[in-house]
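See below for work30.json, which holds JSON, C-alpha atoms.
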```
[["chain", "number", "residue", "atom", "x", "y", "z"],
["A", 60, "MET", "CA", -13.50, 33.96, 5.25],
["A", 61, "SER", "CA", -11.74, 30.63, 4.84],
["A", 62, "VAL", "CA", -9.69, 29.84, 1.80],
["A", 63, "ARG", "CA", -9.72, 26.28, 0.51],
["A", 64, "ILE", "CA", -6.27, 25.01, -0.45],
["A", 65, "LYS", "CA", -6.08, 23.03, -3.66],
["A", 66, "GLY", "CA", -3.49, 20.31, -3.95],
["A", 67, "SER", "CA", -2.03, 17.91, -1.43],
["A", 68, "ASN", "CA", -4.17, 19.07, 1.50],
["A", 69, "ALA", "CA", -7.44, 19.07, -0.42],
["A", 70, "TYR", "CA", -10.10, 16.45, 0.21],
["A", 71, "GLY", "CA", -9.93, 13.56, -2.22],
["A", 72, "HIS", "CA", -6.19, 13.85, -2.81],
["A", 73, "LEU", "CA", -4.77, 10.34, -3.21],
["A", 74, "GLY", "CA", -1.23, 11.23, -2.13],
["A", 75, "TRP", "CA", -1.92, 10.25, 1.45],
["A", 76, "ILE", "CA", -3.21, 6.79, 0.56],
["A", 77, "THR", "CA", -0.95, 5.83, -2.33],
["A", 78, "LYS", "CA", 1.45, 2.94, -1.76],
["A", 79, "TYR", "CA", 3.91, 1.24, -4.09],
["A", 80, "CYS", "CA", 4.31, -2.50, -4.59],
["A", 81, "ARG", "CA", 7.65, -3.62, -3.20],
["A", 82, "ILE", "CA", 8.29, -6.06, -6.07],
["A", 83, "CYS", "CA", 6.93, -4.48, -9.26],
["A", 84, "ASN", "CA", 6.78, -0.82, -8.08],
["A", 85, "ARG", "CA", 3.17, -0.49, -9.24],
["A", 86, "LYS", "CA", 1.27, 2.48, -7.81],
["A", 87, "LEU", "CA", -1.52, 1.19, -5.54],
["A", 88, "LYS", "CA", -4.40, 3.31, -4.27],
["A", 89, "VAL", "CA", -5.68, 2.10, -0.90],
["A", 90, "GLY", "CA", -9.46, 1.69, -1.07],
["A", 91, "ILE", "CA", -9.50, 1.25, -4.84],
["A", 92, "ASP", "CA", -6.88, -1.46, -5.46],
["A", 93, "VAL", "CA", -6.36, -4.60, -3.38],
["A", 94, "VAL", "CA", -3.23, -3.95, -1.32],
["A", 95, "TYR", "CA", -1.51, -6.48, 0.93],
["A", 96, "LYS", "CA", 1.00, -5.72, 3.67],
["A", 97, "CYS", "CA", 3.26, -7.60, 6.04],
["A", 98, "PRO", "CA", 2.39, -6.64, 9.64],
["A", 99, "LYS", "CA", 6.01, -7.11, 10.81],
["A", 100, "CYS", "CA", 7.91, -5.55, 7.88],
["A", 101, "GLU", "CA", 5.48, -2.73, 7.06],
["A", 102, "LYS", "CA", 7.48, 0.00, 8.80],
["A", 103, "VAL", "CA", 10.99, -1.40, 8.29],
["A", 104, "TYR", "CA", 10.86, -2.28, 4.57],
["A", 105, "ASN", "CA", 7.66, -0.44, 3.55],
["A", 106, "ALA", "CA", 6.38, -3.91, 2.60],
["A", 107, "TYR", "CA", 3.23, -3.41, 0.53],
["A", 108, "PHE", "CA", 2.34, -5.78, -2.30],
["A", 109, "CYS", "CA", -0.14, -5.76, -5.19],
["A", 110, "GLU", "CA", -2.67, -8.55, -5.62],
["A", 111, "ALA", "CA", -0.71, -10.31, -8.39],
["A", 112, "ASP", "CA", 2.58, -10.37, -6.49],
["A", 113, "ALA", "CA", 0.90, -11.47, -3.25],
["A", 114, "ARG", "CA", -0.63, -14.37, -5.14],
["A", 115, "GLY", "CA", 2.78, -15.22, -6.63],
["A", 116, "LEU", "CA", 4.32, -15.19, -3.14],
["A", 117, "HIS", "CA", 1.52, -17.49, -1.87],
["A", 118, "HIS", "CA", 0.52, -14.70, 0.55],
["A", 119, "LYS", "CA", 3.80, -14.99, 2.49],
["A", 120, "CYS", "CA", 6.21, -12.12, 3.10],
["A", 121, "PRO", "CA", 9.50, -12.63, 1.21],
["A", 122, "TYR", "CA", 11.45, -10.99, 4.07],
["A", 123, "CYS", "CA", 10.17, -12.80, 7.17],
["A", 124, "GLY", "CA", 7.68, -15.45, 5.97],
["A", 125, "THR", "CA", 4.71, -13.95, 7.81],
["A", 126, "GLU", "CA", 1.22, -14.20, 6.31],
["A", 127, "LEU", "CA", 0.27, -11.10, 4.27],
["A", 128, "VAL", "CA", -2.89, -9.27, 5.32],
["A", 129, "PRO", "CA", -5.07, -6.95, 3.21],
["A", 130, "VAL", "CA", -4.97, -3.24, 4.02],
["A", 131, "ALA", "CA", -8.37, -2.08, 5.21]]
```
Encoded form using structure tokens:
Amino acid sequence: MSVRIKGSNAYGHLGWITKYCRICNRKLKVGIDVVYKCPKCEKVYNAYFCEADARGLHHKCPYCGTELVPVA
């Protein structure tokens, strides 16, 4: 008999795909919200941006100047 764990390991839990905007600290859910990332600074600075801040930055990373790409 298998027991289904409820919580962080359960299917549908958004903890694994939740990112925070680097500028405004808004909680972003990958797959629901439009999330942009810098391919170079993603791992170093955790550089994820919401749609409004990416538009304000003209889709350029504020750290290195690289073009921001949407998270698939």
Closest to Asn105 of chain A among A:Val128, A:Leu87, A:Val93, A:Cys80, using only C-alpha atoms?
A:Cys80
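Across the structure, atom CA of Cys120 of chain A and atom CA of Asp92 of chain A are spaced 18.9 Å apart.
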Can you tell me, as a count of residues only, what residues are no more than 9 Å from segment 81-84 of chain A when counting all atoms listed in the file, ignoring any on the same chain fewer than 5 positions away?
7
Would you compute the distance between atom CA of Val94 of chain A and atom CA of Leu127 of chain A? Give it in Å to one decimal.
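Computing the Euclidean distance for atom CA of Val94 of chain A and atom CA of Leu127 of chain A yields 9.7 Å.
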Separation of atom CA of Pro129 of chain A from atom CA of Ile91 of chain A, in Å and rounded to one decimal:
12.3 Å
Give the answer as one residue: which of A:Thr125, A:Glu110, A:Leu116, A:Lys78 has the shortest atom-to-atom distance to Tyr95 of chain A, using all atoms listed in the file?
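Nearest candidate to Tyr95 of chain A out of A:Thr125, A:Glu110, A:Leu116, A:Lys78: A:Glu110.
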